[in-house]
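Asker: Encoded as structure tokens, here's the structure I'll be asking about.
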There are 2 protein chains.
Amino acid sequence: MTEIEKTLDNKSVRPTAMRILIYKFMAGKQNAVALTDIENAFEKAERTTLYRTLKTFEEKGIVHQIDDGTNISKFALCQPGCNCEIDQDLHLHFHCGQCDKTVCLTEHKIPHINLPAGYIAEDANLVIKGICDSCSDH
Amino acid sequence: MTEIEKTLDNKSVRPTAMRILIYKFMAGKQNAVALTDIENAFEKAERTTLYRTLKTFEEKGIVHQIDDGTNISKFALCQPGCNCEIDQDLHLHFHCGQCDKTVCLTEHKIPHINLPAGYIAEDANLVIKGICDSCSDH
DNA sequence: AGAGTGGTGCAACAGAAGTGCATTTAATGG
DNA sequence: CCATTAAATGCACTTCTGTTGCACCACTCT
Ligand SMILES: [Mn+2]
Ligand SMILES: [Mn+2]
Ligand SMILES: [Zn+2]
Ligand SMILES: [Zn+2]
């Protein structure tokens with residue numbers, strides 16, 4: 001049993017061939033991926049399978065969905081310490097307008113916001129747009 | 001020349017009948033609207049016209065586009081003091097999971113975030129999800 | 001081996017976003 | 001006021017993402 005199989009098993013997700021491939025693909029990427037990205041990465045991939053796999057992964061806390069403002073859902077593996085299911089790991093995301101990549105800034109949490117009376121916060125999404133470190137000549 | 005016509009004229013947008021109607025509709029709403037919302041509000045509305053009108057409005061700083069995480073673009077009129085075009089009026093938005101309405105919290109600005117080295121911020125989007133004041137029994 | 005559960009593949013659909021082009025509308029100049 | 005002309009609109013069509021139904025396949029458990 002490989003490391004990935006163990007990870008999936010821990011989250012009660014049956015480690016099928018396809019799921020392991022998808023997990024591996026996402027683990028190898030530094031940035032969040034869209035469903036289409038995965039689809040293009042494999043010749044023999046069904047969009048539906050990917051779609052449902054990502055949904056399963058999300059429900060089981062293996063990946064989290066990211067809305068980076070492009071109106072295309074992105075997904076990224078949850079980090080070891082990230083409790084996405086429970087109290088939401090409210091880290092922020094960065095979307096680069098140049099390379100169009102979206103990355104998790106896991107260390108940077110969303111600050112607490114005071115809302116007007118009557119408003120109850122349950123979740124938050126903060127996306128910074130700009131130029132990423134790869135695209136800026138830093 | 002009505003107040004609305006003056007507003008459009010100030011932003012160098014020709015105040016056509018349709019544009020005035022759309023502007024009025026948005027001004028009467030307390031929440032951000034989707035293109036479909038406007039389409040449904042008028043019997044005789046072409047989606048394309050609405051689409052291009054909103055785009056024009058956005059380019060001229062009359063409305064700003066809001067990405068509230070539903071993957072459906074919402075639009076809201078810019079407030080008098082809001083400089084959406086220039087240095088981005090970084091107020092936050094609230095999306096209610098119950099009534100599905102999205103509102104501008106114009107008074108609540110997005111706090112400054114320190115990014116890792118190499119990252120250059122140009123824009124930011126912060127959406128809080130939860131229960132709005134109308135839906136909570138405040 | 002057979003039953004049963006869950007995963008996958010295929011087809012089809014829904015909805016939003018976007019484009020090309022013909023036609024209408026409205027501002028402008030004579 | 002009418003003709004000219006550019007902008008705005010209406011219509012048809014396309015693309016892309018997301019989503020569902022259903023049949024088939026794979027694995028597990030008895
Ligand atoms: Mn993330
Ligand atoms: Mn707003
Ligand atoms: Zn970049
Ligand atoms: Zn509400």
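Every chain in the structure tokens takes a letter, A first, then B, and so on in the order presented; its residues are numbered from 1, and the ligands are numbered from 1 following the presented order.
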Based on only C-alpha atoms (C1' of nucleotides), which of the residues in chain B come within 12 Å of chain D? I want them as a PyMOL selection string.

Answerer: chain B and resi 13-19+44-53+56+70-72

Asker: Using only C-alpha atoms (C1' of nucleotides), find which residues of chain C lie within 12 Å of chain B and jot them down as a list of chain:residue names.

Answerer: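 Applying the cut-off to the listed atoms yields C:DG15, C:DA16, C:DA17, C:DG18, C:DT19, C:DT25, C:DA26, C:DA27.
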
Asker: Write out the residues from the selection above, keeping C-alpha atoms (C1' of nucleotides), as a PDB file, in the first residue's frame.

Answerer:
ATOM      1  C1'  DG C  15     -26.992  27.680 -17.946  1.00  0.00           C
ATOM      2  C1'  DA C  16     -23.750  31.370 -18.472  1.00  0.00           C
ATOM      3  C1'  DA C  17     -20.784  33.698 -21.338  1.00  0.00           C
ATOM      4  C1'  DG C  18     -19.386  35.371 -25.554  1.00  0.00           C
ATOM      5  C1'  DT C  19     -19.301  36.645 -30.917  1.00  0.00           C
ATOM      6  C1'  DT C  25     -31.913  54.108 -33.052  1.00  0.00           C
ATOM      7  C1'  DA C  26     -30.284  58.472 -32.010  1.00  0.00           C
ATOM      8  C1'  DA C  27     -26.806  62.318 -32.305  1.00  0.00           C
TER       9       DA C  27
END

Asker: With a distance threshold of 9 Å and counting only C-alpha atoms, extract the residues of chain A near chain B and express them as a ChimeraX atom specification.

Answerer: /A:66-73,94,96,105,108,110-111,113-138

Asker: Output the selection as a PDB file, in the first residue's frame - C-alpha atoms for each residue.

Answerer:
ATOM      1  CA  ILE A  66     -11.240  27.490  -4.796  1.00  0.00           C
ATOM      2  CA  ASP A  67     -13.135  30.299  -6.370  1.00  0.00           C
ATOM      3  CA  ASP A  68     -10.501  32.625  -7.728  1.00  0.00           C
ATOM      4  CA  GLY A  69     -12.778  35.007  -9.585  1.00  0.00           C
ATOM      5  CA  THR A  70     -12.320  33.469 -13.008  1.00  0.00           C
ATOM      6  CA  ASN A  71     -15.683  31.724 -12.716  1.00  0.00           C
ATOM      7  CA  ILE A  72     -13.880  28.443 -13.203  1.00  0.00           C
ATOM      8  CA  SER A  73     -13.657  26.258 -10.126  1.00  0.00           C
ATOM      9  CA  PHE A  94      -3.606  34.325  -5.012  1.00  0.00           C
ATOM     10  CA  CYS A  96      -1.829  35.675 -11.102  1.00  0.00           C
ATOM     11  CA  LEU A 105      -1.126  30.857   0.475  1.00  0.00           C
ATOM     12  CA  HIS A 108      -1.761  33.552   5.267  1.00  0.00           C
ATOM     13  CA  ILE A 110      -8.030  35.630   6.378  1.00  0.00           C
ATOM     14  CA  PRO A 111      -8.236  38.223   9.155  1.00  0.00           C
ATOM     15  CA  ILE A 113     -13.907  40.876   9.944  1.00  0.00           C
ATOM     16  CA  ASN A 114     -16.489  42.717  12.002  1.00  0.00           C
ATOM     17  CA  LEU A 115     -19.835  42.574  10.274  1.00  0.00           C
ATOM     18  CA  PRO A 116     -22.868  44.833  10.697  1.00  0.00           C
ATOM     19  CA  ALA A 117     -25.486  43.735  13.218  1.00  0.00           C
ATOM     20  CA  GLY A 118     -27.569  40.816  12.043  1.00  0.00           C
ATOM     21  CA  TYR A 119     -24.995  39.345   9.729  1.00  0.00           C
ATOM     22  CA  ILE A 120     -23.683  35.906  10.653  1.00  0.00           C
ATOM     23  CA  ALA A 121     -20.435  34.776   9.043  1.00  0.00           C
ATOM     24  CA  GLU A 122     -20.027  31.101   8.283  1.00  0.00           C
ATOM     25  CA  ASP A 123     -17.343  31.083   5.644  1.00  0.00           C
ATOM     26  CA  ALA A 124     -15.045  33.481   3.879  1.00  0.00           C
ATOM     27  CA  ASN A 125     -13.154  33.684   0.641  1.00  0.00           C
ATOM     28  CA  LEU A 126     -10.300  36.065   0.033  1.00  0.00           C
ATOM     29  CA  VAL A 127      -8.535  36.184  -3.303  1.00  0.00           C
ATOM     30  CA  ILE A 128      -5.704  38.542  -4.070  1.00  0.00           C
ATOM     31  CA  LYS A 129      -5.106  39.190  -7.748  1.00  0.00           C
ATOM     32  CA  GLY A 130      -1.856  40.410  -9.156  1.00  0.00           C
ATOM     33  CA  ILE A 131       1.515  39.074 -10.254  1.00  0.00           C
ATOM     34  CA  CYS A 132       2.910  35.936  -8.673  1.00  0.00           C
ATOM     35  CA  ASP A 133       6.504  35.405  -7.637  1.00  0.00           C
ATOM     36  CA  SER A 134       7.290  33.386 -10.759  1.00  0.00           C
ATOM     37  CA  CYS A 135       6.048  36.121 -13.060  1.00  0.00           C
ATOM     38  CA  SER A 136       7.535  39.079 -11.202  1.00  0.00           C
ATOM     39  CA  ASP A 137      11.317  39.321 -11.618  1.00  0.00           C
ATOM     40  CA  HIS A 138      11.923  39.133  -7.918  1.00  0.00           C
TER      41      HIS A 138
END

Asker: Between CA of Ile62 (chain B) and CA of Cys78 (chain B), what is the distance in Å, rounded to a tenth?

Answerer: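 If I compute the distance from CA of Ile62 (chain B) to CA of Cys78 (chain B), I get 5.6 Å.
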
Asker: Using only C-alpha atoms (C1' of nucleotides) and all ligand atoms, what are the residues with an atom within 9 Å of ligand 1, set out as a VMD selection string?

Answerer: chain A and resid 32 63 to 66 75 to 79 89 to 93 102 to 106

Asker: Quick check, in Å to one decimal: how far apart do CA of Glu59 (chain B) and C1' of DT24 (chain C) lie?

Answerer: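 Taking CA of Glu59 (chain B) and C1' of DT24 (chain C), their separation equals 24.3 Å.
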
Asker: Going by DSSP on the backbone, which bits of region 31-119 of chain A are helix (DSSP H, G or I)? Write them as a CSV table (one decimal) with C-alpha atoms, in the first residue's frame, please.

Answerer:
chain,number,residue,atom,x,y,z
A,35,LEU,CA,-11.2,20.1,-14.0
A,36,THR,CA,-10.2,20.8,-17.5
A,37,ASP,CA,-6.6,20.9,-16.5
A,38,ILE,CA,-6.8,17.3,-15.3
A,39,GLU,CA,-8.8,16.3,-18.3
A,40,ASN,CA,-6.1,17.6,-20.6
A,41,ALA,CA,-3.4,16.0,-18.6
A,47,ARG,CA,-14.9,14.6,-17.5
A,48,THR,CA,-17.7,13.0,-15.5
A,49,THR,CA,-15.3,10.8,-13.6
A,50,LEU,CA,-13.0,13.7,-12.8
A,51,TYR,CA,-16.0,15.8,-11.8
A,52,ARG,CA,-17.3,13.2,-9.4
A,53,THR,CA,-13.9,12.3,-8.1
A,54,LEU,CA,-13.2,15.9,-7.2
A,55,LYS,CA,-16.6,16.1,-5.5
A,56,THR,CA,-15.8,13.0,-3.5
A,57,PHE,CA,-12.4,14.3,-2.6
A,58,GLU,CA,-13.9,17.6,-1.5
A,59,GLU,CA,-16.6,16.0,0.7

Asker: How far is it from CA of Val33 (chain B) to CA of Cys99 (chain B), in Å with one decimal?

Answerer: 12.9 Å
